[in-house]
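One file, input-v3.pdb, is given below (PDB, C-alpha atoms, pLDDT in the B column).
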```pdb
ATOM      1  CA  MET A 466       0.000   0.000   0.000  1.00 41.00           C
ATOM      2  CA  GLU A 467       1.325   3.467  -0.848  1.00 44.00           C
ATOM      3  CA  GLN A 468       2.729   5.534   2.016  1.00 41.00           C
ATOM      4  CA  ASN A 469       0.469   8.516   1.325  1.00 43.00           C
ATOM      5  CA  GLN A 470      -2.623   6.443   2.032  1.00 44.00           C
ATOM      6  CA  ILE A 471      -4.351   7.091   5.347  1.00 44.00           C
ATOM      7  CA  SER A 472      -5.709   3.594   5.804  1.00 43.00           C
ATOM      8  CA  ILE A 473      -4.367   0.389   7.253  1.00 38.00           C
ATOM      9  CA  ILE A 474      -6.200  -2.922   6.930  1.00 40.00           C
ATOM     10  CA  PRO A 475      -6.559  -5.030  10.089  1.00 44.00           C
ATOM     11  CA  ASP A 476      -5.940  -8.755   9.650  1.00 48.00           C
ATOM     12  CA  THR A 477      -9.360 -10.025  10.722  1.00 52.00           C
ATOM     13  CA  ALA A 478     -12.935  -8.878  11.211  1.00 60.00           C
ATOM     14  CA  ALA A 479     -14.046  -8.441  14.813  1.00 60.00           C
ATOM     15  CA  PHE A 480     -17.025 -10.803  14.507  1.00 64.00           C
ATOM     16  CA  SER A 481     -15.647 -13.415  12.114  1.00 64.00           C
ATOM     17  CA  ALA A 482     -14.710 -16.060  14.724  1.00 69.00           C
ATOM     18  CA  PRO A 483     -14.590 -16.499  18.540  1.00 75.00           C
ATOM     19  CA  ALA A 484     -10.821 -15.936  18.703  1.00 79.00           C
ATOM     20  CA  GLN A 485     -11.048 -12.691  16.723  1.00 78.00           C
ATOM     21  CA  PHE A 486     -14.017 -11.581  18.813  1.00 80.00           C
ATOM     22  CA  GLU A 487     -12.105 -12.088  22.060  1.00 83.00           C
ATOM     23  CA  HIS A 488      -9.065 -10.308  20.651  1.00 84.00           C
ATOM     24  CA  SER A 489     -11.234  -7.396  19.479  1.00 84.00           C
ATOM     25  CA  GLN A 490     -12.801  -7.189  22.943  1.00 87.00           C
ATOM     26  CA  ARG A 491      -9.363  -6.793  24.519  1.00 89.00           C
ATOM     27  CA  VAL A 492      -8.400  -4.139  21.976  1.00 90.00           C
ATOM     28  CA  ALA A 493     -11.745  -2.350  22.469  1.00 90.00           C
ATOM     29  CA  LYS A 494     -11.303  -2.386  26.254  1.00 91.00           C
ATOM     30  CA  MET A 495      -7.862  -0.809  25.929  1.00 92.00           C
ATOM     31  CA  LEU A 496      -9.052   1.855  23.481  1.00 92.00           C
ATOM     32  CA  ALA A 497     -12.183   2.645  25.510  1.00 92.00           C
ATOM     33  CA  SER A 498     -10.007   3.428  28.538  1.00 93.00           C
ATOM     34  CA  SER A 499      -8.169   6.169  26.616  1.00 92.00           C
ATOM     35  CA  SER A 500      -9.010   9.843  27.066  1.00 91.00           C
ATOM     36  CA  LEU A 501      -7.828  10.614  23.516  1.00 90.00           C
ATOM     37  CA  ILE A 502     -10.870   9.106  21.808  1.00 91.00           C
ATOM     38  CA  PRO A 503     -14.275  10.858  21.492  1.00 90.00           C
ATOM     39  CA  LYS A 504     -16.581  10.701  24.530  1.00 89.00           C
ATOM     40  CA  GLU A 505     -19.073   8.427  22.696  1.00 86.00           C
ATOM     41  CA  PHE A 506     -16.431   5.678  22.901  1.00 91.00           C
ATOM     42  CA  GLN A 507     -14.802   6.402  26.257  1.00 92.00           C
ATOM     43  CA  GLY A 508     -15.720   3.618  28.674  1.00 92.00           C
ATOM     44  CA  ASN A 509     -18.063   2.141  26.051  1.00 90.00           C
ATOM     45  CA  ILE A 510     -16.626  -1.172  24.874  1.00 90.00           C
ATOM     46  CA  GLN A 511     -19.702  -1.949  22.744  1.00 87.00           C
ATOM     47  CA  ASN A 512     -19.413   1.230  20.654  1.00 88.00           C
ATOM     48  CA  THR A 513     -15.658   0.754  20.375  1.00 91.00           C
ATOM     49  CA  MET A 514     -16.139  -2.821  19.131  1.00 89.00           C
ATOM     50  CA  ILE A 515     -18.460  -1.558  16.388  1.00 88.00           C
ATOM     51  CA  ALA A 516     -15.909   1.103  15.436  1.00 89.00           C
ATOM     52  CA  LEU A 517     -13.259  -1.633  15.157  1.00 89.00           C
ATOM     53  CA  GLU A 518     -15.519  -3.651  12.849  1.00 87.00           C
ATOM     54  CA  ILE A 519     -16.207  -0.600  10.657  1.00 88.00           C
ATOM     55  CA  ALA A 520     -12.473   0.163  10.524  1.00 87.00           C
ATOM     56  CA  ASN A 521     -11.798  -3.390   9.393  1.00 85.00           C
ATOM     57  CA  ARG A 522     -14.455  -3.296   6.691  1.00 83.00           C
ATOM     58  CA  ILE A 523     -13.287  -0.045   5.101  1.00 83.00           C
ATOM     59  CA  GLY A 524      -9.568  -0.666   5.746  1.00 80.00           C
ATOM     60  CA  ALA A 525      -8.963   2.367   7.964  1.00 84.00           C
ATOM     61  CA  SER A 526      -7.228   3.064  11.251  1.00 87.00           C
ATOM     62  CA  PRO A 527      -9.593   2.403  14.211  1.00 89.00           C
ATOM     63  CA  LEU A 528      -8.520   5.677  15.824  1.00 89.00           C
ATOM     64  CA  MET A 529      -9.288   7.567  12.608  1.00 89.00           C
ATOM     65  CA  VAL A 530     -12.723   5.949  12.396  1.00 90.00           C
ATOM     66  CA  MET A 531     -13.568   6.875  15.991  1.00 92.00           C
ATOM     67  CA  GLN A 532     -12.374  10.458  15.475  1.00 90.00           C
ATOM     68  CA  ASN A 533     -14.607  10.847  12.418  1.00 90.00           C
ATOM     69  CA  LEU A 534     -17.672   8.788  13.342  1.00 89.00           C
ATOM     70  CA  TYR A 535     -20.554  10.771  14.837  1.00 86.00           C
ATOM     71  CA  ILE A 536     -23.661   9.417  16.532  1.00 79.00           C
ATOM     72  CA  VAL A 537     -26.663  11.590  15.623  1.00 76.00           C
ATOM     73  CA  HIS A 538     -30.147  10.547  16.821  1.00 71.00           C
ATOM     74  CA  GLY A 539     -28.785   7.046  17.388  1.00 72.00           C
ATOM     75  CA  LYS A 540     -27.402   6.758  13.843  1.00 77.00           C
ATOM     76  CA  PRO A 541     -23.691   6.574  12.988  1.00 82.00           C
ATOM     77  CA  SER A 542     -22.503   9.093  10.412  1.00 89.00           C
ATOM     78  CA  TRP A 543     -19.203  10.191   8.873  1.00 91.00           C
ATOM     79  CA  SER A 544     -17.653  13.625   8.928  1.00 91.00           C
ATOM     80  CA  SER A 545     -17.516  15.025   5.396  1.00 93.00           C
ATOM     81  CA  THR A 546     -13.803  15.735   5.719  1.00 93.00           C
ATOM     82  CA  PHE A 547     -13.203  12.030   6.420  1.00 92.00           C
ATOM     83  CA  ILE A 548     -15.126  11.031   3.283  1.00 93.00           C
ATOM     84  CA  ILE A 549     -12.984  13.390   1.178  1.00 95.00           C
ATOM     85  CA  ALA A 550      -9.760  12.113   2.775  1.00 92.00           C
ATOM     86  CA  ALA A 551     -10.813   8.462   2.360  1.00 91.00           C
ATOM     87  CA  ILE A 552     -11.667   8.972  -1.326  1.00 93.00           C
ATOM     88  CA  ASN A 553      -8.339  10.710  -1.903  1.00 93.00           C
ATOM     89  CA  SER A 554      -6.393   7.898  -0.204  1.00 89.00           C
ATOM     90  CA  CYS A 555      -8.183   4.828  -1.606  1.00 89.00           C
ATOM     91  CA  ASN A 556      -5.862   4.708  -4.654  1.00 90.00           C
ATOM     92  CA  LYS A 557      -8.789   4.350  -7.085  1.00 94.00           C
ATOM     93  CA  PHE A 558      -9.043   7.997  -8.159  1.00 96.00           C
ATOM     94  CA  SER A 559      -7.043  11.168  -8.608  1.00 96.00           C
ATOM     95  CA  PRO A 560      -7.552  13.694  -5.779  1.00 96.00           C
ATOM     96  CA  LEU A 561     -11.151  14.913  -5.514  1.00 96.00           C
ATOM     97  CA  ARG A 562     -11.761  18.340  -7.041  1.00 97.00           C
ATOM     98  CA  PHE A 563     -14.748  20.697  -6.882  1.00 97.00           C
ATOM     99  CA  GLU A 564     -16.156  22.717  -9.765  1.00 97.00           C
ATOM    100  CA  VAL A 565     -18.369  25.630  -8.711  1.00 96.00           C
ATOM    101  CA  THR A 566     -20.466  27.378 -11.364  1.00 96.00           C
ATOM    102  CA  GLY A 567     -23.539  29.628 -11.619  1.00 96.00           C
ATOM    103  CA  GLU A 568     -24.926  32.544  -9.642  1.00 95.00           C
ATOM    104  CA  GLY A 569     -27.691  33.043  -7.100  1.00 94.00           C
ATOM    105  CA  ASP A 570     -29.889  30.030  -6.456  1.00 95.00           C
ATOM    106  CA  ASN A 571     -28.322  28.314  -9.474  1.00 96.00           C
ATOM    107  CA  LYS A 572     -24.856  28.466  -7.937  1.00 96.00           C
ATOM    108  CA  GLY A 573     -23.788  24.858  -7.569  1.00 97.00           C
ATOM    109  CA  CYS A 574     -20.933  22.442  -7.142  1.00 97.00           C
ATOM    110  CA  VAL A 575     -19.849  19.182  -8.766  1.00 98.00           C
ATOM    111  CA  ALA A 576     -17.251  16.910  -7.146  1.00 97.00           C
ATOM    112  CA  TRP A 577     -15.077  15.190  -9.730  1.00 97.00           C
ATOM    113  CA  CYS A 578     -11.889  13.237 -10.251  1.00 97.00           C
ATOM    114  CA  LEU A 579     -10.227  10.908 -12.746  1.00 97.00           C
ATOM    115  CA  GLU A 580     -10.492   7.164 -12.354  1.00 96.00           C
ATOM    116  CA  LYS A 581      -7.073   5.535 -12.245  1.00 95.00           C
ATOM    117  CA  GLY A 582      -6.551   2.996 -14.995  1.00 93.00           C
ATOM    118  CA  THR A 583      -9.125   4.464 -17.377  1.00 96.00           C
ATOM    119  CA  ASN A 584      -8.532   8.200 -16.861  1.00 96.00           C
ATOM    120  CA  GLU A 585     -12.320   8.622 -17.110  1.00 97.00           C
ATOM    121  CA  ARG A 586     -13.713  11.747 -15.482  1.00 97.00           C
ATOM    122  CA  LEU A 587     -16.223  10.814 -12.767  1.00 97.00           C
ATOM    123  CA  GLU A 588     -18.670  13.409 -11.457  1.00 97.00           C
ATOM    124  CA  SER A 589     -21.151  13.695  -8.602  1.00 97.00           C
ATOM    125  CA  PRO A 590     -24.684  14.993  -9.140  1.00 96.00           C
ATOM    126  CA  ARG A 591     -24.682  18.796  -9.099  1.00 97.00           C
ATOM    127  CA  VAL A 592     -25.640  20.372  -5.768  1.00 97.00           C
ATOM    128  CA  ASN A 593     -26.903  23.959  -5.833  1.00 96.00           C
ATOM    129  CA  ILE A 594     -28.612  26.506  -3.599  1.00 96.00           C
ATOM    130  CA  GLU A 595     -31.973  25.858  -5.261  1.00 96.00           C
ATOM    131  CA  MET A 596     -31.726  22.177  -4.274  1.00 95.00           C
ATOM    132  CA  ALA A 597     -30.817  23.119  -0.693  1.00 95.00           C
ATOM    133  CA  LYS A 598     -33.887  25.360  -0.459  1.00 94.00           C
ATOM    134  CA  LYS A 599     -36.292  22.856  -2.002  1.00 94.00           C
ATOM    135  CA  GLU A 600     -35.027  20.035   0.228  1.00 92.00           C
ATOM    136  CA  GLY A 601     -35.397  22.227   3.319  1.00 90.00           C
ATOM    137  CA  TRP A 602     -31.690  22.213   4.219  1.00 92.00           C
ATOM    138  CA  PHE A 603     -31.341  25.967   3.792  1.00 91.00           C
ATOM    139  CA  SER A 604     -34.249  27.040   5.988  1.00 87.00           C
ATOM    140  CA  LYS A 605     -33.484  24.994   9.109  1.00 84.00           C
ATOM    141  CA  ALA A 606     -32.630  26.948  12.251  1.00 82.00           C
ATOM    142  CA  GLY A 607     -28.862  27.319  12.585  1.00 82.00           C
ATOM    143  CA  SER A 608     -28.267  25.911   9.092  1.00 87.00           C
ATOM    144  CA  LYS A 609     -24.698  26.283   7.833  1.00 92.00           C
ATOM    145  CA  TRP A 610     -26.161  26.618   4.328  1.00 94.00           C
ATOM    146  CA  GLN A 611     -27.026  30.219   5.194  1.00 93.00           C
ATOM    147  CA  THR A 612     -23.578  31.192   6.489  1.00 93.00           C
ATOM    148  CA  MET A 613     -21.137  29.021   4.477  1.00 94.00           C
ATOM    149  CA  PRO A 614     -23.010  27.730   1.403  1.00 94.00           C
ATOM    150  CA  GLU A 615     -19.906  27.069  -0.723  1.00 95.00           C
ATOM    151  CA  LEU A 616     -18.408  24.745   1.896  1.00 95.00           C
ATOM    152  CA  MET A 617     -21.724  22.917   2.364  1.00 96.00           C
ATOM    153  CA  MET A 618     -22.078  22.449  -1.405  1.00 96.00           C
ATOM    154  CA  ARG A 619     -18.632  20.858  -1.496  1.00 96.00           C
ATOM    155  CA  TYR A 620     -19.410  18.596   1.468  1.00 96.00           C
ATOM    156  CA  ARG A 621     -22.710  17.439  -0.024  1.00 96.00           C
ATOM    157  CA  SER A 622     -21.297  16.829  -3.514  1.00 97.00           C
ATOM    158  CA  ALA A 623     -18.419  14.819  -1.954  1.00 96.00           C
ATOM    159  CA  ALA A 624     -20.964  12.656  -0.110  1.00 95.00           C
ATOM    160  CA  PHE A 625     -22.889  12.093  -3.353  1.00 96.00           C
ATOM    161  CA  PHE A 626     -19.657  11.158  -5.135  1.00 97.00           C
ATOM    162  CA  GLY A 627     -18.683   8.691  -2.400  1.00 95.00           C
ATOM    163  CA  ARG A 628     -22.116   7.079  -2.432  1.00 94.00           C
ATOM    164  CA  LEU A 629     -21.930   6.557  -6.210  1.00 95.00           C
ATOM    165  CA  TYR A 630     -18.301   5.593  -6.776  1.00 95.00           C
ATOM    166  CA  ALA A 631     -16.928   4.453  -3.399  1.00 93.00           C
ATOM    167  CA  PRO A 632     -19.853   2.850  -1.533  1.00 92.00           C
ATOM    168  CA  GLU A 633     -17.429   0.570   0.320  1.00 89.00           C
ATOM    169  CA  ILE A 634     -16.233   3.687   2.171  1.00 88.00           C
ATOM    170  CA  MET A 635     -19.680   5.134   2.885  1.00 89.00           C
ATOM    171  CA  MET A 636     -21.063   1.720   3.988  1.00 85.00           C
ATOM    172  CA  GLY A 637     -24.575   3.035   3.434  1.00 83.00           C
ATOM    173  CA  MET A 638     -24.130   5.724   6.089  1.00 87.00           C
ATOM    174  CA  GLN A 639     -24.848   9.412   5.691  1.00 87.00           C
ATOM    175  CA  THR A 640     -22.513  12.228   6.594  1.00 90.00           C
ATOM    176  CA  PHE A 641     -22.934  14.202   9.802  1.00 88.00           C
ATOM    177  CA  GLU A 642     -23.988  17.240   7.768  1.00 87.00           C
ATOM    178  CA  GLU A 643     -26.636  15.247   5.859  1.00 87.00           C
ATOM    179  CA  ILE A 644     -28.249  13.952   9.038  1.00 83.00           C
ATOM    180  CA  GLN A 645     -28.212  17.447  10.554  1.00 80.00           C
ATOM    181  CA  ASP A 646     -29.923  18.820   7.427  1.00 81.00           C
ATOM    182  CA  VAL A 647     -32.758  16.278   7.411  1.00 72.00           C
ATOM    183  CA  LYS A 648     -33.261  15.578  11.129  1.00 60.00           C
ATOM    184  CA  ALA A 649     -36.903  15.225  12.043  1.00 47.00           C
ATOM    185  CA  GLU A 650     -38.785  17.960  13.802  1.00 48.00           C
ATOM    186  CA  PRO A 651     -39.905  17.165  17.355  1.00 45.00           C
ATOM    187  CA  VAL A 652     -43.204  15.289  17.401  1.00 42.00           C
ATOM    188  CA  LYS A 653     -45.988  16.958  19.380  1.00 50.00           C
ATOM    189  CA  VAL A 654     -47.576  14.546  21.821  1.00 51.00           C
ATOM    190  CA  ASP A 655     -51.385  14.561  21.903  1.00 63.00           C
ATOM    191  CA  LYS A 656     -51.925  14.683  25.657  1.00 74.00           C
ATOM    192  CA  GLU A 657     -55.694  14.259  25.351  1.00 80.00           C
ATOM    193  CA  ALA A 658     -55.314  11.084  23.273  1.00 77.00           C
ATOM    194  CA  GLU A 659     -52.642   9.826  25.657  1.00 76.00           C
ATOM    195  CA  ARG A 660     -54.998  10.180  28.639  1.00 82.00           C
ATOM    196  CA  ALA A 661     -57.826   8.537  26.677  1.00 83.00           C
ATOM    197  CA  VAL A 662     -55.684   5.510  25.856  1.00 79.00           C
ATOM    198  CA  LEU A 663     -54.898   5.076  29.558  1.00 82.00           C
ATOM    199  CA  MET A 664     -58.617   5.266  30.404  1.00 86.00           C
ATOM    200  CA  ILE A 665     -59.374   2.646  27.729  1.00 86.00           C
ATOM    201  CA  ALA A 666     -56.726   0.346  29.164  1.00 84.00           C
ATOM    202  CA  ASP A 667     -58.357   0.576  32.631  1.00 85.00           C
ATOM    203  CA  CYS A 668     -61.769  -0.611  31.378  1.00 86.00           C
ATOM    204  CA  LYS A 669     -62.684  -4.105  32.607  1.00 86.00           C
ATOM    205  CA  THR A 670     -66.036  -4.710  30.839  1.00 88.00           C
ATOM    206  CA  VAL A 671     -67.650  -3.984  27.477  1.00 86.00           C
ATOM    207  CA  LYS A 672     -70.330  -1.850  29.160  1.00 87.00           C
ATOM    208  CA  GLU A 673     -67.735   0.247  30.967  1.00 88.00           C
ATOM    209  CA  LEU A 674     -65.819   0.770  27.714  1.00 86.00           C
ATOM    210  CA  MET A 675     -68.915   1.678  25.669  1.00 87.00           C
ATOM    211  CA  ASN A 676     -69.942   4.274  28.255  1.00 89.00           C
ATOM    212  CA  LEU A 677     -66.568   5.895  27.665  1.00 85.00           C
ATOM    213  CA  LYS A 678     -66.888   6.029  23.870  1.00 87.00           C
ATOM    214  CA  GLU A 679     -68.646   9.389  23.518  1.00 85.00           C
ATOM    215  CA  SER A 680     -65.885  11.236  25.356  1.00 87.00           C
ATOM    216  CA  LEU A 681     -62.984   9.751  23.361  1.00 86.00           C
ATOM    217  CA  PRO A 682     -61.014  11.842  20.814  1.00 86.00           C
ATOM    218  CA  GLU A 683     -60.667  10.529  17.266  1.00 82.00           C
ATOM    219  CA  ALA A 684     -56.979   9.740  17.806  1.00 78.00           C
ATOM    220  CA  ALA A 685     -57.884   7.175  20.484  1.00 79.00           C
ATOM    221  CA  MET A 686     -60.517   5.264  18.495  1.00 83.00           C
ATOM    222  CA  GLY A 687     -58.018   2.720  17.217  1.00 80.00           C
ATOM    223  CA  SER A 688     -57.189   1.735  20.802  1.00 82.00           C
ATOM    224  CA  TYR A 689     -60.913   1.673  21.589  1.00 79.00           C
ATOM    225  CA  GLU A 690     -61.661  -0.857  18.825  1.00 82.00           C
ATOM    226  CA  VAL A 691     -58.785  -3.129  19.855  1.00 78.00           C
ATOM    227  CA  LYS A 692     -59.854  -3.065  23.499  1.00 79.00           C
ATOM    228  CA  LEU A 693     -63.527  -3.631  22.588  1.00 83.00           C
ATOM    229  CA  ASN A 694     -62.721  -6.748  20.558  1.00 79.00           C
ATOM    230  CA  HIS A 695     -60.561  -8.068  23.371  1.00 77.00           C
ATOM    231  CA  LEU A 696     -63.242  -7.575  26.049  1.00 81.00           C
ATOM    232  CA  MET A 697     -65.985  -9.064  23.848  1.00 81.00           C
ATOM    233  CA  GLU A 698     -63.898 -12.185  23.254  1.00 76.00           C
ATOM    234  CA  ASN A 699     -63.273 -12.530  26.990  1.00 73.00           C
ATOM    235  CA  GLU A 700     -66.961 -12.180  27.857  1.00 70.00           C
ATOM    236  CA  MET A 701     -67.958 -14.715  25.174  1.00 71.00           C
ATOM    237  CA  GLU A 702     -65.484 -17.194  26.639  1.00 63.00           C
ATOM    238  CA  VAL A 703     -66.990 -16.700  30.096  1.00 55.00           C
ATOM    239  CA  VAL A 704     -70.511 -17.364  28.743  1.00 52.00           C
ATOM    240  CA  HIS A 705     -69.292 -20.446  26.915  1.00 55.00           C
ATOM    241  CA  ASP A 706     -67.640 -21.804  30.063  1.00 57.00           C
ATOM    242  CA  ILE A 707     -70.874 -21.331  32.070  1.00 58.00           C
ATOM    243  CA  HIS A 708     -72.862 -23.354  29.583  1.00 54.00           C
TER     244      HIS A 708
END
```
Go ahead and render the structure in this file as structure tokens.
Amino acid sequence: MEQNQISIIPDTAAFSAPAQFEHSQRVAKMLASSSLIPKEFQGNIQNTMIALEIANRIGASPLMVMQNLYIVHGKPSWSSTFIIAAINSCNKFSPLRFEVTGEGDNKGCVAWCLEKGTNERLESPRVNIEMAKKEGWFSKAGSKWQTMPELMMRYRSAAFFGRLYAPEIMMGMQTFEEIQDVKAEPVKVDKEAERAVLMIADCKTVKELMNLKESLPEAAMGSYEVKLNHLMENEMEVVHDIH
């Protein structure tokens, strides 16, 4: 492997056999005790084991993976700078370049490079400000698209390029910036429906449940029907047993 490459390939996968699993556990325990790794991995052998497995699969240094792997809403994601560095060091392409063209909302960026062996120019889909606005990335509170759009266009086009031409690096994961752009808005809890569902659960007879029906909100009617069927079956079984 060339010296300018950032990656090293571990000998075995962490979960391939009992011996490798035990070895990986010992390595993970040692790494998790270090204060030089991100807090998501400190003292967390399970997360560190998963980072070791990811490092093995993409052929990268475990420390580099942990430094560039983010957990957002329970999902692992890469830093965009890591994706660019990994593409540049995988020895399949020339260094990644970015072509910015257009003005205003049409200002956009294409990530491109030359494939080694064929010298074919490979390009990402074009990312522009209009796309960022239509997808809702631009309008989110605290969005970096509003303050540093040219950098965000480069990051997003690099992620698109990696997903198309180096999926073994992306491993199906999104970048940290992508997850931040599309994170779900907080869900409003319907307190009235929540209380109604609890009242439905407390009902012991069909009569008691049916007396409650008129006061139930529409959102709780699904729970009402399920509970009604359950109580009716129970009462029919009781009648059958009596006879």
Name the residues that the PyMOL selection byres ((chain A and resi 591) around 12) pulls out of this structure, and write them as a PDB file with C-alpha atoms, in the coordinates of the input.
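And here is the file that came out, expr19.pdb:
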```pdb
ATOM      1  CA  PHE A 563     -14.748  20.697  -6.882  1.00 97.00           C
ATOM      2  CA  GLU A 564     -16.156  22.717  -9.765  1.00 97.00           C
ATOM      3  CA  VAL A 565     -18.369  25.630  -8.711  1.00 96.00           C
ATOM      4  CA  THR A 566     -20.466  27.378 -11.364  1.00 96.00           C
ATOM      5  CA  GLY A 567     -23.539  29.628 -11.619  1.00 96.00           C
ATOM      6  CA  ASN A 571     -28.322  28.314  -9.474  1.00 96.00           C
ATOM      7  CA  LYS A 572     -24.856  28.466  -7.937  1.00 96.00           C
ATOM      8  CA  GLY A 573     -23.788  24.858  -7.569  1.00 97.00           C
ATOM      9  CA  CYS A 574     -20.933  22.442  -7.142  1.00 97.00           C
ATOM     10  CA  VAL A 575     -19.849  19.182  -8.766  1.00 98.00           C
ATOM     11  CA  ALA A 576     -17.251  16.910  -7.146  1.00 97.00           C
ATOM     12  CA  TRP A 577     -15.077  15.190  -9.730  1.00 97.00           C
ATOM     13  CA  GLU A 588     -18.670  13.409 -11.457  1.00 97.00           C
ATOM     14  CA  SER A 589     -21.151  13.695  -8.602  1.00 97.00           C
ATOM     15  CA  PRO A 590     -24.684  14.993  -9.140  1.00 96.00           C
ATOM     16  CA  VAL A 592     -25.640  20.372  -5.768  1.00 97.00           C
ATOM     17  CA  ASN A 593     -26.903  23.959  -5.833  1.00 96.00           C
ATOM     18  CA  ILE A 594     -28.612  26.506  -3.599  1.00 96.00           C
ATOM     19  CA  GLU A 595     -31.973  25.858  -5.261  1.00 96.00           C
ATOM     20  CA  MET A 596     -31.726  22.177  -4.274  1.00 95.00           C
ATOM     21  CA  ALA A 597     -30.817  23.119  -0.693  1.00 95.00           C
ATOM     22  CA  MET A 618     -22.078  22.449  -1.405  1.00 96.00           C
ATOM     23  CA  ARG A 619     -18.632  20.858  -1.496  1.00 96.00           C
ATOM     24  CA  TYR A 620     -19.410  18.596   1.468  1.00 96.00           C
ATOM     25  CA  ARG A 621     -22.710  17.439  -0.024  1.00 96.00           C
ATOM     26  CA  SER A 622     -21.297  16.829  -3.514  1.00 97.00           C
ATOM     27  CA  ALA A 623     -18.419  14.819  -1.954  1.00 96.00           C
ATOM     28  CA  ALA A 624     -20.964  12.656  -0.110  1.00 95.00           C
ATOM     29  CA  PHE A 625     -22.889  12.093  -3.353  1.00 96.00           C
ATOM     30  CA  PHE A 626     -19.657  11.158  -5.135  1.00 97.00           C
TER      31      PHE A 626
END
```
**Atomic separation - CA of Leu616 (chain A) relative to CA of Ile519 (chain A), Å** =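 These two atoms are separated by 26.9 Å.
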**Asked** So which residues get picked by the PyMOL selection byres ((chain A and resi 644-647) around 9) here, written as a PyMOL selection string?
**Response** chain A and resi 537-538+540+542+600-603+605+608+639-643+648-650
**Item:** Interatomic distance (Å, one decimal) between CA of Lys598 (chain A) and CA of Pro541 (chain A)
**Value:**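 Calculated distance between CA of Lys598 (chain A) and CA of Pro541 (chain A) is 25.3 Å.
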**Prompt:** Expressed in Å to a single decimal, how great is the separation between CA of Glu505 (chain A) and CA of Pro483 (chain A)?
**Reply:** 25.7 Å
What does the PyMOL selection byres ((chain A and resi 689) around 8) select in this file, as a short mmCIF file (atom, residue, chain, number, x, y, z; two decimals) with C-alpha atoms, in the frame of the given file?
```
data_model
loop_
_atom_site.label_atom_id
_atom_site.label_comp_id
_atom_site.auth_asym_id
_atom_site.auth_seq_id
_atom_site.Cartn_x
_atom_site.Cartn_y
_atom_site.Cartn_z
CA VAL A 662 -55.68 5.51 25.86
CA ILE A 665 -59.37 2.65 27.73
CA LEU A 674 -65.82 0.77 27.71
CA LYS A 678 -66.89 6.03 23.87
CA ALA A 685 -57.88 7.18 20.48
CA MET A 686 -60.52 5.26 18.50
CA GLY A 687 -58.02 2.72 17.22
CA SER A 688 -57.19 1.74 20.80
CA GLU A 690 -61.66 -0.86 18.82
CA VAL A 691 -58.78 -3.13 19.86
CA LYS A 692 -59.85 -3.06 23.50
CA LEU A 693 -63.53 -3.63 22.59
#
```
**Asked** Pick from A:Ala684, A:Arg562, A:Asp570, A:Thr612: nearest to Lys599 (chain A), with all atoms listed in the file counted?
**Response**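 Selected residue with least distance to Lys599 (chain A): A:Asp570.
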**Prompt:** With distances taken over all atoms listed in the file, which of A:Gly637, A:Pro682, A:Gly524, A:Gly569 is nearest to Glu659 (chain A)?
**Reply:** A:Pro682
**Request:** Name all residues at most 12 Å from Ile552 (chain A) (count all atoms listed in the file; drop same-chain ones fewer than 3 positions away) and give them as a ChimeraX atom specification.
**Result:** /A:470-472,523,525,545-549,555-562,576-580,623-635
**Request:** Fewer than 5 positions away in the same chain doesn't count, so skip those; otherwise give me all residues within 6 Å of Ala497 (chain A), counting only C-alpha atoms, as a list in words.
**Result:**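 Close residues of Ala497 (chain A): Phe506, Gln507, Gly508, Asn509 and Ile510 of chain A.
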List the spatial neighbours of Val671 (chain A) as a PDB file with C-alpha atoms, in the frame of the given file - criterion: any atom at most 10 Å away, all atoms listed in the file, same-chain residues fewer than 4 positions off excluded.
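Okay, this is what ended up in out-v1.pdb:
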```
ATOM      1  CA  MET A 675     -68.915   1.678  25.669  1.00 87.00           C
ATOM      2  CA  ASN A 676     -69.942   4.274  28.255  1.00 89.00           C
ATOM      3  CA  LEU A 677     -66.568   5.895  27.665  1.00 85.00           C
ATOM      4  CA  LYS A 692     -59.854  -3.065  23.499  1.00 79.00           C
ATOM      5  CA  LEU A 693     -63.527  -3.631  22.588  1.00 83.00           C
ATOM      6  CA  ASN A 694     -62.721  -6.748  20.558  1.00 79.00           C
ATOM      7  CA  HIS A 695     -60.561  -8.068  23.371  1.00 77.00           C
ATOM      8  CA  LEU A 696     -63.242  -7.575  26.049  1.00 81.00           C
ATOM      9  CA  MET A 697     -65.985  -9.064  23.848  1.00 81.00           C
ATOM     10  CA  GLU A 698     -63.898 -12.185  23.254  1.00 76.00           C
ATOM     11  CA  ASN A 699     -63.273 -12.530  26.990  1.00 73.00           C
ATOM     12  CA  GLU A 700     -66.961 -12.180  27.857  1.00 70.00           C
TER      13      GLU A 700
END
```
**Counting all atoms listed in the file, the option among A:Arg660, A:Glu487, A:Ala606, A:Met636 closest to Ala520 (chain A)** = A:Met636
Give, as AutoDock Vina command-line options, the centre coordinates and the x, y and z edge lengths in Å to one decimal for an axis-aligned box around all listed atoms of region 534-537 of chain A, padded by 5 Å on each side.
```
--center_x -22.2 --center_y 10.2 --center_z 14.9 --size_x 19.0 --size_y 12.8 --size_z 13.2
```
